[in-house]
>>> print(open('model36.txt').read())   # compact mmCIF, C-alpha atoms
# COMPACT_ATOMS: atom_id res chain seq x y z
CA MET A 120 -47.68 -99.32 -0.18
CA ILE A 121 -45.49 -96.19 -0.16
CA TRP A 122 -43.20 -97.80 -2.75
CA LYS A 123 -46.18 -98.50 -4.99
CA THR A 124 -47.45 -94.89 -4.66
CA LEU A 125 -43.98 -93.60 -5.50
CA LYS A 126 -43.71 -95.93 -8.49
CA VAL A 127 -47.12 -94.91 -9.82
CA GLY A 128 -46.29 -91.22 -9.23
CA PHE A 129 -42.97 -91.59 -11.06
CA HIS A 130 -44.60 -93.22 -14.07
CA ARG A 131 -47.42 -90.69 -14.06
CA LEU A 132 -44.81 -87.90 -14.14
CA GLY A 133 -43.42 -89.57 -17.25
CA SER A 134 -46.72 -89.05 -19.03
CA PRO A 135 -46.27 -86.11 -21.46
CA PRO A 136 -49.44 -84.13 -20.52
CA THR A 137 -48.70 -84.48 -16.79
CA PHE A 138 -45.05 -83.52 -17.24
CA TYR A 139 -46.06 -80.57 -19.42
CA ARG A 140 -48.53 -79.31 -16.82
CA ILE A 141 -46.30 -79.80 -13.78
CA SER A 142 -43.22 -78.26 -15.41
CA ALA A 143 -45.31 -75.21 -16.36
CA LEU A 144 -46.16 -74.80 -12.67
CA ILE A 145 -42.61 -75.27 -11.35
CA SER A 146 -40.60 -73.32 -13.95
CA PRO A 147 -41.76 -69.76 -13.00
CA TRP A 148 -40.83 -70.40 -9.34
CA LEU A 149 -37.35 -71.54 -10.37
CA TRP A 150 -36.96 -68.42 -12.53
CA ALA A 151 -38.10 -66.23 -9.62
CA GLY A 152 -35.60 -67.95 -7.31
CA PHE A 153 -32.87 -67.47 -9.90
CA ALA A 154 -33.64 -63.74 -10.26
CA LEU A 155 -33.63 -63.23 -6.50
CA CYS A 156 -30.42 -65.21 -5.85
CA THR A 157 -28.64 -63.55 -8.79
CA ALA A 158 -29.63 -60.06 -7.58
CA ILE A 159 -28.30 -60.77 -4.07
CA GLY A 160 -25.23 -62.59 -5.42
CA LEU A 161 -24.28 -59.82 -7.84
CA TYR A 162 -24.81 -57.16 -5.18
CA TYR A 163 -22.38 -58.97 -2.87
CA ALA A 164 -19.94 -59.77 -5.67
CA LEU A 165 -19.75 -56.25 -7.09
CA TYR A 166 -20.47 -53.97 -4.13
CA VAL A 167 -19.92 -55.69 -0.78
CA VAL A 168 -16.85 -57.96 -0.85
CA PRO A 169 -13.49 -56.15 -0.65
CA PRO A 170 -10.75 -56.48 -3.30
CA ASP A 171 -8.33 -59.36 -2.80
CA TYR A 172 -4.93 -58.31 -1.41
CA GLN A 173 -3.08 -60.05 -4.26
CA GLN A 174 -5.54 -60.30 -7.16
CA SER A 175 -7.32 -57.01 -6.47
CA ASP A 176 -10.73 -56.83 -8.24
CA SER A 177 -9.96 -59.49 -10.84
CA TYR A 178 -11.00 -62.23 -8.42
CA ARG A 179 -14.63 -61.00 -8.72
CA ILE A 180 -14.68 -62.95 -12.01
CA LEU A 181 -14.54 -66.13 -9.93
CA PHE A 182 -18.04 -65.49 -8.58
CA ILE A 183 -19.39 -66.38 -12.02
CA HIS A 184 -16.56 -68.64 -13.18
CA VAL A 185 -16.70 -71.12 -10.28
CA PRO A 186 -20.52 -71.57 -10.09
CA SER A 187 -20.57 -72.03 -13.90
CA ALA A 188 -17.80 -74.63 -13.75
CA TRP A 189 -19.58 -76.52 -10.96
CA GLN A 190 -22.84 -76.36 -12.87
CA ALA A 191 -21.23 -77.54 -16.11
CA MET A 192 -20.10 -80.68 -14.25
CA ALA A 193 -23.23 -81.08 -12.08
CA GLY A 194 -25.36 -80.66 -15.20
CA TYR A 195 -23.46 -83.51 -16.82
CA LEU A 196 -24.14 -85.76 -13.84
CA VAL A 197 -27.86 -84.87 -13.96
CA MET A 198 -27.82 -85.65 -17.69
CA ALA A 199 -26.06 -88.99 -17.05
CA ILE A 200 -28.61 -90.03 -14.39
CA LEU A 201 -31.48 -89.10 -16.71
CA ALA A 202 -29.79 -90.94 -19.61
CA ALA A 203 -29.39 -94.09 -17.47
CA ILE A 204 -33.08 -93.94 -16.45
CA ALA A 205 -34.06 -93.33 -20.08
CA LEU A 206 -32.03 -96.32 -21.33
CA VAL A 207 -33.30 -98.70 -18.63
CA TRP A 208 -36.98 -97.74 -18.43
CA ARG A 209 -37.42 -96.17 -21.90
CA ILE A 210 -39.33 -93.19 -20.50
CA ARG A 211 -39.62 -90.63 -23.30
CA THR A 212 -39.86 -87.51 -21.11
CA THR A 213 -36.65 -88.60 -19.36
CA GLU A 214 -34.95 -89.08 -22.74
CA ILE A 215 -36.00 -85.58 -23.73
CA MET A 216 -34.83 -84.10 -20.43
CA ALA A 217 -31.45 -85.83 -20.77
CA MET A 218 -31.03 -84.39 -24.27
CA MET A 219 -32.07 -80.91 -23.17
CA CYS A 220 -29.37 -80.88 -20.45
CA ALA A 221 -26.68 -80.77 -23.17
CA PRO A 222 -27.17 -77.21 -24.53
CA ILE A 223 -27.50 -75.80 -21.00
CA GLY A 224 -24.40 -77.64 -19.82
CA ALA A 225 -22.55 -76.46 -22.92
CA ALA A 226 -23.59 -72.86 -22.14
CA PHE A 227 -22.14 -73.11 -18.63
CA THR A 228 -18.95 -74.69 -20.00
CA VAL A 229 -18.59 -71.78 -22.43
CA ILE A 230 -19.05 -69.27 -19.58
CA CYS A 231 -16.49 -71.18 -17.50
CA LEU A 232 -13.89 -71.30 -20.30
CA LEU A 233 -14.30 -67.67 -21.40
CA THR A 234 -14.36 -66.16 -17.90
CA GLY A 235 -11.44 -68.37 -16.90
CA SER A 236 -9.53 -67.07 -19.87
CA LEU A 237 -10.42 -63.47 -18.98
CA TRP A 238 -9.17 -64.04 -15.45
CA GLY A 239 -6.05 -65.89 -16.62
CA ARG A 240 -4.84 -63.09 -18.88
CA PRO A 241 -4.13 -60.54 -16.09
CA MET A 242 -3.31 -63.13 -13.38
CA TRP A 243 -1.30 -65.78 -15.25
CA GLY A 244 -0.22 -63.62 -18.15
CA THR A 245 -1.85 -65.90 -20.70
CA TRP A 246 -5.32 -66.43 -22.15
CA TRP A 247 -4.93 -70.18 -22.40
CA ALA A 248 -2.63 -73.02 -21.35
CA TRP A 249 -2.87 -76.67 -22.37
CA ASP A 250 -2.98 -77.73 -18.76
CA ALA A 251 -4.98 -80.74 -17.55
CA ARG A 252 -7.86 -78.79 -15.95
CA LEU A 253 -8.38 -76.41 -18.87
CA THR A 254 -8.02 -79.12 -21.50
CA SER A 255 -10.41 -81.55 -19.76
CA MET A 256 -12.94 -78.72 -19.47
CA LEU A 257 -12.57 -78.05 -23.22
CA VAL A 258 -13.13 -81.78 -23.82
CA LEU A 259 -16.34 -81.48 -21.74
CA LEU A 260 -17.54 -78.77 -24.14
CA PHE A 261 -16.80 -81.02 -27.13
CA ILE A 262 -18.67 -83.91 -25.48
CA TYR A 263 -21.69 -81.64 -24.90
CA LEU A 264 -21.55 -80.49 -28.54
CA GLY A 265 -21.17 -84.10 -29.69
CA ILE A 266 -24.28 -85.14 -27.77
CA MET A 267 -26.27 -82.25 -29.26
CA GLY A 268 -25.03 -83.07 -32.76
CA LEU A 269 -25.73 -86.78 -32.45
CA TYR A 270 -29.26 -86.17 -31.17
CA ALA A 271 -29.97 -83.75 -34.01
CA ALA A 272 -28.49 -86.06 -36.67
CA PHE A 273 -31.26 -88.65 -36.45
CA GLU A 274 -34.60 -88.05 -38.09
CA ASP A 275 -36.16 -90.46 -35.59
CA ARG A 276 -35.78 -88.43 -32.39
CA ARG A 277 -36.14 -91.44 -30.09
CA LYS A 278 -33.40 -93.34 -31.86
CA GLY A 279 -31.19 -90.23 -31.76
CA ALA A 280 -31.85 -89.83 -28.03
CA ARG A 281 -30.97 -93.46 -27.29
CA VAL A 282 -27.69 -93.30 -29.21
CA ALA A 283 -26.82 -89.95 -27.59
CA CYS A 284 -27.69 -91.35 -24.13
CA ILE A 285 -25.01 -94.02 -24.61
CA LEU A 286 -22.49 -91.29 -25.51
CA VAL A 287 -23.59 -89.42 -22.34
CA LEU A 288 -22.76 -92.45 -20.22
CA VAL A 289 -19.39 -92.95 -21.93
CA GLY A 290 -18.57 -89.25 -21.40
CA VAL A 291 -19.07 -89.55 -17.62
CA VAL A 292 -15.45 -90.70 -17.42
CA ASN A 293 -14.38 -87.09 -18.09
CA ILE A 294 -16.04 -85.71 -14.92
CA PRO A 295 -13.66 -87.29 -12.35
CA ILE A 296 -10.78 -86.41 -14.71
CA ILE A 297 -11.81 -82.73 -14.55
CA HIS A 298 -12.28 -82.85 -10.80
CA PHE A 299 -9.03 -84.60 -9.93
CA SER A 300 -6.91 -83.10 -12.74
CA VAL A 301 -5.46 -80.52 -10.33
CA GLU A 302 -4.34 -83.31 -7.98
CA TRP A 303 -3.18 -85.91 -10.51
CA TRP A 304 -1.10 -83.57 -12.64
CA THR A 305 0.95 -80.43 -12.11
CA THR A 306 -1.35 -77.72 -13.45
CA LEU A 307 -1.25 -73.99 -13.88
CA HIS A 308 -4.83 -74.02 -12.58
CA GLN A 309 -4.94 -73.87 -8.80
CA GLY A 310 -6.15 -76.75 -6.62
CA SER A 311 -9.53 -76.80 -4.86
CA THR A 312 -10.12 -73.70 -2.77
CA ILE A 313 -13.55 -74.71 -1.52
CA ARG A 314 -13.72 -78.05 0.25
CA PHE A 315 -16.92 -79.70 1.41
CA PHE A 316 -14.93 -81.94 3.72
CA GLY A 317 -12.19 -79.98 5.45
CA GLU A 318 -11.24 -76.34 5.70
CA SER A 319 -11.67 -74.05 2.69
CA THR A 320 -8.79 -71.73 1.89
CA MET A 321 -11.07 -68.88 0.82
CA HIS A 322 -11.73 -66.11 3.33
CA PRO A 323 -15.25 -66.46 4.84
CA SER A 324 -16.13 -62.86 3.88
CA MET A 325 -15.86 -63.89 0.21
CA MET A 326 -18.22 -66.83 0.56
CA PRO A 327 -21.73 -65.21 0.39
CA PRO A 328 -21.59 -64.15 -3.30
CA LEU A 329 -20.21 -67.56 -4.26
CA VAL A 330 -23.01 -69.37 -2.42
CA TRP A 331 -25.77 -67.11 -3.81
CA MET A 332 -24.49 -67.39 -7.38
CA THR A 333 -24.09 -71.16 -7.05
CA VAL A 334 -27.71 -71.52 -5.92
CA ALA A 335 -28.81 -69.10 -8.68
CA VAL A 336 -27.23 -71.08 -11.53
CA LYS A 337 -28.65 -74.34 -10.16
CA LEU A 338 -32.17 -72.88 -10.13
CA MET A 339 -31.61 -71.47 -13.61
CA PHE A 340 -30.42 -74.85 -14.89
CA GLY A 341 -33.65 -76.40 -13.58
CA ALA A 342 -35.84 -73.68 -15.08
CA VAL A 343 -34.24 -73.81 -18.54
CA LEU A 344 -34.26 -77.61 -18.48
CA LEU A 345 -38.01 -77.64 -17.85
CA ASP A 346 -38.69 -74.93 -20.46
CA ARG A 347 -36.58 -76.63 -23.14
CA SER A 348 -38.07 -80.05 -22.36
CA ARG A 349 -41.60 -78.68 -22.60
CA ASN A 350 -40.79 -77.21 -26.01
CA GLU A 351 -39.24 -80.43 -27.27
CA LEU A 352 -42.23 -82.42 -26.03
CA LEU A 353 -44.62 -79.99 -27.71
CA GLU A 354 -42.68 -80.18 -30.97
CA GLN A 355 -42.60 -84.00 -30.96
CA ASP A 356 -46.24 -84.42 -29.93
CA ARG A 357 -47.70 -81.65 -32.09
CA ARG A 358 -49.97 -84.11 -33.91
CA LYS A 359 -51.03 -85.99 -30.80
CA GLY A 360 -54.39 -85.68 -29.11
CA TRP A 361 -53.27 -84.07 -25.85
CA VAL A 362 -51.53 -81.19 -27.69
CA ARG A 363 -54.52 -80.68 -30.00
CA GLN A 364 -56.79 -80.73 -26.98
CA ALA A 365 -54.61 -78.36 -24.95
CA PHE A 366 -53.99 -75.87 -27.75
CA GLY A 367 -56.99 -76.39 -29.99
CA GLY A 368 -58.74 -73.57 -28.20
CA ASP A 369 -56.09 -70.89 -27.78
CA ALA A 370 -53.38 -71.90 -30.29
CA MET B 292 -23.13 -46.37 -9.16
CA ILE B 293 -20.96 -48.53 -11.46
CA PRO B 294 -17.89 -49.55 -9.44
CA ASP B 295 -14.51 -48.58 -10.80
CA PHE B 296 -12.52 -51.80 -10.61
CA GLU B 297 -8.87 -52.48 -11.15
CA TYR B 298 -8.70 -54.89 -14.15
CA GLY B 299 -12.14 -53.47 -14.99
CA PHE B 300 -11.98 -54.58 -18.63
CA TYR B 301 -11.56 -58.24 -17.67
CA VAL B 302 -14.15 -58.14 -14.87
CA TRP B 303 -16.85 -56.40 -16.90
CA THR B 304 -16.21 -58.47 -20.04
CA SER B 305 -16.63 -61.62 -17.92
CA TYR B 306 -19.92 -60.39 -16.48
CA ALA B 307 -21.05 -59.40 -19.99
CA VAL B 308 -20.27 -62.93 -21.26
CA PHE B 309 -22.27 -64.35 -18.34
CA ALA B 310 -25.21 -62.01 -19.08
CA LEU B 311 -25.18 -62.79 -22.81
CA VAL B 312 -25.08 -66.56 -22.42
CA ILE B 313 -27.71 -66.59 -19.64
CA GLY B 314 -29.83 -64.15 -21.70
CA TRP B 315 -29.68 -66.55 -24.65
CA GLN B 316 -30.80 -69.40 -22.38
CA ILE B 317 -33.84 -67.30 -21.45
CA ILE B 318 -34.67 -66.05 -24.96
CA GLN B 319 -34.14 -69.30 -26.93
CA PRO B 320 -36.89 -71.37 -25.21
CA LEU B 321 -39.32 -68.42 -25.40
CA ALA B 322 -38.66 -67.88 -29.12
CA ARG B 323 -38.89 -71.60 -29.87
CA ARG B 324 -42.18 -71.91 -27.99
CA ARG B 325 -43.55 -68.96 -29.94
CA ARG B 326 -42.55 -70.56 -33.24
CA ILE B 327 -43.98 -73.98 -32.34
CA LEU B 328 -47.29 -72.46 -31.25
CA ALA B 329 -47.49 -70.36 -34.43
CA GLU B 330 -46.91 -73.47 -36.57
CA LEU B 331 -49.44 -75.43 -34.52
CA ARG B 332 -51.98 -72.64 -34.97
CA GLU B 333 -51.37 -72.71 -38.72
CA GLU B 334 -51.74 -76.50 -38.92
CA LEU B 335 -54.98 -76.41 -36.94
CA ALA B 336 -56.34 -73.63 -39.14
CA LEU B 337 -55.42 -75.60 -42.28
CA GLU B 338 -57.23 -78.65 -40.94
CA THR B 339 -60.38 -76.75 -40.04
CA GLY B 340 -60.36 -74.75 -43.28
CA GLU B 341 -59.94 -71.44 -41.45
CA TYR B 342 -56.47 -70.77 -42.86
CA ASP B 343 -56.03 -67.20 -43.96
CA ASP B 344 -53.18 -67.31 -46.50
CA PRO B 345 -51.09 -64.14 -46.08
CA ASP B 346 -49.70 -64.49 -49.66
CA SER B 347 -53.05 -64.63 -51.41
>>> encode(input="model36.txt", output="structure tokens")
Amino acid sequence: MIWKTLKVGFHRLGSPPTFYRISALISPWLWAGFALCTAIGLYYALYVVPPDYQQSDSYRILFIHVPSAWQAMAGYLVMAILAAIALVWRIRTTEIMAMMCAPIGAAFTVICLLTGSLWGRPMWGTWWAWDARLTSMLVLLFIYLGIMGLYAAFEDRRKGARVACILVLVGVVNIPIIHFSVEWWTTLHQGSTIRFFGESTMHPSMMPPLVWMTVAVKLMFGAVLLDRSRNELLEQDRRKGWVRQAFGGDA
Amino acid sequence: MIPDFEYGFYVWTSYAVFALVIGWQIIQPLARRRRILAELREELALETGEYDDPDS
């Protein structure tokens, strides 16, 4: 009974008008959460936490670098799950959502690479090194760009999405490579400082801004994903009845 | 008000990059929605014969 309700609910959510309506309700709350968490996170990052005894103030860059890096990878996993669902069940809204993850993930990868470079210059003495972590992160950016390009290359959007979804699943192999690169190879990039299982090597006083900014970027990812998906759906369905009905009056 | 950081150039440039990229993620969907709705409005007006050609 519960399974059936869940199944029906899941399929109903896949219906474009329902998805459009529900995402319009959720998105503003995610944006509000993002604004609140960012405000608190930035206040802690810039005003509350003390300078590091070795890195001085430069380590404040990590409060945006690390959440962006995590989100670039988490966003890829979200995209891969959506792509798998889209390929198995052929749900169009899921296809669209998977495709819309790519530009957001690419944006976080760009933030991660640029801020990492800006931190590396004063701390390592170089803007860039072809080390395993940095290179695999650059590859992630190229994979994101490849997915966006492939999706855009097809006139038939559904065909483009299906082909790009396969590339998404192939590209998953890069995520564990990024994660374990600092363990498998000798890298200039440091190993994991924050551990979910085991003791973190970061001082607890430096944790609040990292946590707030991590939550903020996750909420922002959700909000932009819904907004972009709604736009894509609207663009694809512009000649369909539900769009005409919804916007016939006020469009 | 604005903290004076050691390595200030690198810290503030990083936060500026973050602000710019996040800002673009906010603006792009809004601008695209605006454009789609404007096109939709035009199409609907053309269909109903209420299109007011700005070039005529």
>>> interface_residues(input="model36.txt", of="chain A", to="chain B", cutoff="7 Å", atoms="all atoms listed in the file", output="VMD selection string")
chain A and resid 175 to 177 179 to 180 226 230 234 237 to 238 343 346 to 347 350 354 357 370
>>> residues_around(input="model36.txt", residues="A:Leu253", least_positions_apart="6", cutoff="8 Å", atoms="all atoms listed in the file", output="compact mmCIF listing (two decimals) with C-alpha atoms, in the frame of the given file")
# COMPACT_ATOMS: atom_id res chain seq x y z
CA LEU A 232 -13.89 -71.30 -20.30
CA TRP A 247 -4.93 -70.18 -22.40
CA HIS A 308 -4.83 -74.02 -12.58
>>> atom_distance(input="model36.txt", atom1="atom CA of A:Ile223", atom2="atom CA of A:Phe261")
13.4 Å
>>> atom_distance(input="model36.txt", atom1="atom CA of A:Gln173", atom2="atom CA of A:Val330")
22.1 Å
>>> atom_distance(input="model36.txt", atom1="atom CA of A:Gly268", atom2="atom CA of A:Thr228")
16.4 Å
>>> residues_around(input="model36.txt", residues="A:Ser146", least_positions_apart="4", cutoff="7 Å", atoms="only C-alpha atoms", output="VMD selection string")
chain A and resid 142 150 342 345 to 346
>>> axis_aligned_box(input="model36.txt", around="stretch 323-333 of chain B", padding_each_side="6 Å", output="lines of an AutoDock Vina configuration file")
center_x = -45.4
center_y = -72.2
center_z = -33.4
size_x = 25.1
size_y = 18.5
size_z = 22.7
>>> closest_residue(input="model36.txt", among="A:Ala151, A:Leu233, A:Ala188, A:Ala143", to="A:Arg349", atoms="all atoms listed in the file")
A:Ala143
>>> residues_around(input="model36.txt", residues="A:Leu132", least_positions_apart="4", cutoff="12 Å", atoms="all atoms listed in the file", output="PyMOL selection string")
chain A and resi 125-128+136-142+210-213
>>> build_atoms(input="model36.txt", residues="stretch 314-332 of chain B", atoms="N, CA, C and O atoms", output="PDB file, keeping the file's coordinate frame")
ATOM      1  N   GLY B 314     -28.739 -64.807 -20.944  1.00  0.00           N
ATOM      2  CA  GLY B 314     -29.830 -64.150 -21.700  1.00  0.00           C
ATOM      3  C   GLY B 314     -30.301 -65.036 -22.845  1.00  0.00           C
ATOM      4  O   GLY B 314     -31.504 -65.184 -23.071  1.00  0.00           O
ATOM      5  N   TRP B 315     -29.336 -65.652 -23.539  1.00  0.00           N
ATOM      6  CA  TRP B 315     -29.680 -66.550 -24.650  1.00  0.00           C
ATOM      7  C   TRP B 315     -30.466 -67.762 -24.134  1.00  0.00           C
ATOM      8  O   TRP B 315     -31.411 -68.226 -24.785  1.00  0.00           O
ATOM      9  N   GLN B 316     -30.089 -68.252 -22.971  1.00  0.00           N
ATOM     10  CA  GLN B 316     -30.800 -69.400 -22.380  1.00  0.00           C
ATOM     11  C   GLN B 316     -32.239 -69.029 -22.003  1.00  0.00           C
ATOM     12  O   GLN B 316     -33.102 -69.894 -21.910  1.00  0.00           O
ATOM     13  N   ILE B 317     -32.470 -67.753 -21.771  1.00  0.00           N
ATOM     14  CA  ILE B 317     -33.840 -67.300 -21.450  1.00  0.00           C
ATOM     15  C   ILE B 317     -34.621 -67.090 -22.751  1.00  0.00           C
ATOM     16  O   ILE B 317     -35.760 -67.540 -22.889  1.00  0.00           O
ATOM     17  N   ILE B 318     -33.980 -66.427 -23.721  1.00  0.00           N
ATOM     18  CA  ILE B 318     -34.670 -66.050 -24.960  1.00  0.00           C
ATOM     19  C   ILE B 318     -34.964 -67.266 -25.856  1.00  0.00           C
ATOM     20  O   ILE B 318     -36.045 -67.376 -26.417  1.00  0.00           O
ATOM     21  N   GLN B 319     -33.995 -68.181 -25.985  1.00  0.00           N
ATOM     22  CA  GLN B 319     -34.140 -69.300 -26.930  1.00  0.00           C
ATOM     23  C   GLN B 319     -35.407 -70.126 -26.680  1.00  0.00           C
ATOM     24  O   GLN B 319     -36.183 -70.334 -27.613  1.00  0.00           O
ATOM     25  N   PRO B 320     -35.657 -70.592 -25.419  1.00  0.00           N
ATOM     26  CA  PRO B 320     -36.890 -71.370 -25.210  1.00  0.00           C
ATOM     27  C   PRO B 320     -38.161 -70.561 -25.488  1.00  0.00           C
ATOM     28  O   PRO B 320     -39.133 -71.101 -26.019  1.00  0.00           O
ATOM     29  N   LEU B 321     -38.135 -69.273 -25.165  1.00  0.00           N
ATOM     30  CA  LEU B 321     -39.320 -68.420 -25.400  1.00  0.00           C
ATOM     31  C   LEU B 321     -39.588 -68.298 -26.898  1.00  0.00           C
ATOM     32  O   LEU B 321     -40.727 -68.442 -27.356  1.00  0.00           O
ATOM     33  N   ALA B 322     -38.514 -68.043 -27.668  1.00  0.00           N
ATOM     34  CA  ALA B 322     -38.660 -67.880 -29.120  1.00  0.00           C
ATOM     35  C   ALA B 322     -39.106 -69.189 -29.765  1.00  0.00           C
ATOM     36  O   ALA B 322     -39.961 -69.193 -30.658  1.00  0.00           O
ATOM     37  N   ARG B 323     -38.533 -70.308 -29.289  1.00  0.00           N
ATOM     38  CA  ARG B 323     -38.890 -71.600 -29.870  1.00  0.00           C
ATOM     39  C   ARG B 323     -40.354 -71.932 -29.576  1.00  0.00           C
ATOM     40  O   ARG B 323     -41.072 -72.432 -30.444  1.00  0.00           O
ATOM     41  N   ARG B 324     -40.788 -71.645 -28.356  1.00  0.00           N
ATOM     42  CA  ARG B 324     -42.180 -71.910 -27.990  1.00  0.00           C
ATOM     43  C   ARG B 324     -43.127 -71.099 -28.875  1.00  0.00           C
ATOM     44  O   ARG B 324     -44.142 -71.581 -29.341  1.00  0.00           O
ATOM     45  N   ARG B 325     -42.743 -69.848 -29.096  1.00  0.00           N
ATOM     46  CA  ARG B 325     -43.550 -68.960 -29.940  1.00  0.00           C
ATOM     47  C   ARG B 325     -43.694 -69.523 -31.353  1.00  0.00           C
ATOM     48  O   ARG B 325     -44.779 -69.534 -31.928  1.00  0.00           O
ATOM     49  N   ARG B 326     -42.540 -70.016 -31.877  1.00  0.00           N
ATOM     50  CA  ARG B 326     -42.550 -70.560 -33.240  1.00  0.00           C
ATOM     51  C   ARG B 326     -43.389 -71.833 -33.316  1.00  0.00           C
ATOM     52  O   ARG B 326     -44.199 -71.989 -34.233  1.00  0.00           O
ATOM     53  N   ILE B 327     -43.224 -72.725 -32.325  1.00  0.00           N
ATOM     54  CA  ILE B 327     -43.980 -73.980 -32.340  1.00  0.00           C
ATOM     55  C   ILE B 327     -45.481 -73.686 -32.274  1.00  0.00           C
ATOM     56  O   ILE B 327     -46.278 -74.263 -33.021  1.00  0.00           O
ATOM     57  N   LEU B 328     -45.861 -72.772 -31.394  1.00  0.00           N
ATOM     58  CA  LEU B 328     -47.290 -72.460 -31.250  1.00  0.00           C
ATOM     59  C   LEU B 328     -47.846 -71.817 -32.520  1.00  0.00           C
ATOM     60  O   LEU B 328     -48.983 -72.091 -32.905  1.00  0.00           O
ATOM     61  N   ALA B 329     -47.035 -70.984 -33.185  1.00  0.00           N
ATOM     62  CA  ALA B 329     -47.490 -70.360 -34.430  1.00  0.00           C
ATOM     63  C   ALA B 329     -47.718 -71.425 -35.508  1.00  0.00           C
ATOM     64  O   ALA B 329     -48.725 -71.399 -36.223  1.00  0.00           O
ATOM     65  N   GLU B 330     -46.782 -72.387 -35.587  1.00  0.00           N
ATOM     66  CA  GLU B 330     -46.910 -73.470 -36.570  1.00  0.00           C
ATOM     67  C   GLU B 330     -48.120 -74.348 -36.259  1.00  0.00           C
ATOM     68  O   GLU B 330     -48.855 -74.755 -37.156  1.00  0.00           O
ATOM     69  N   LEU B 331     -48.299 -74.611 -34.967  1.00  0.00           N
ATOM     70  CA  LEU B 331     -49.440 -75.430 -34.520  1.00  0.00           C
ATOM     71  C   LEU B 331     -50.755 -74.746 -34.871  1.00  0.00           C
ATOM     72  O   LEU B 331     -51.708 -75.375 -35.353  1.00  0.00           O
ATOM     73  N   ARG B 332     -50.788 -73.443 -34.659  1.00  0.00           N
ATOM     74  CA  ARG B 332     -51.980 -72.640 -34.970  1.00  0.00           C
ATOM     75  C   ARG B 332     -52.292 -72.727 -36.459  1.00  0.00           C
ATOM     76  O   ARG B 332     -53.436 -72.898 -36.867  1.00  0.00           O
TER      77      ARG B 332
END
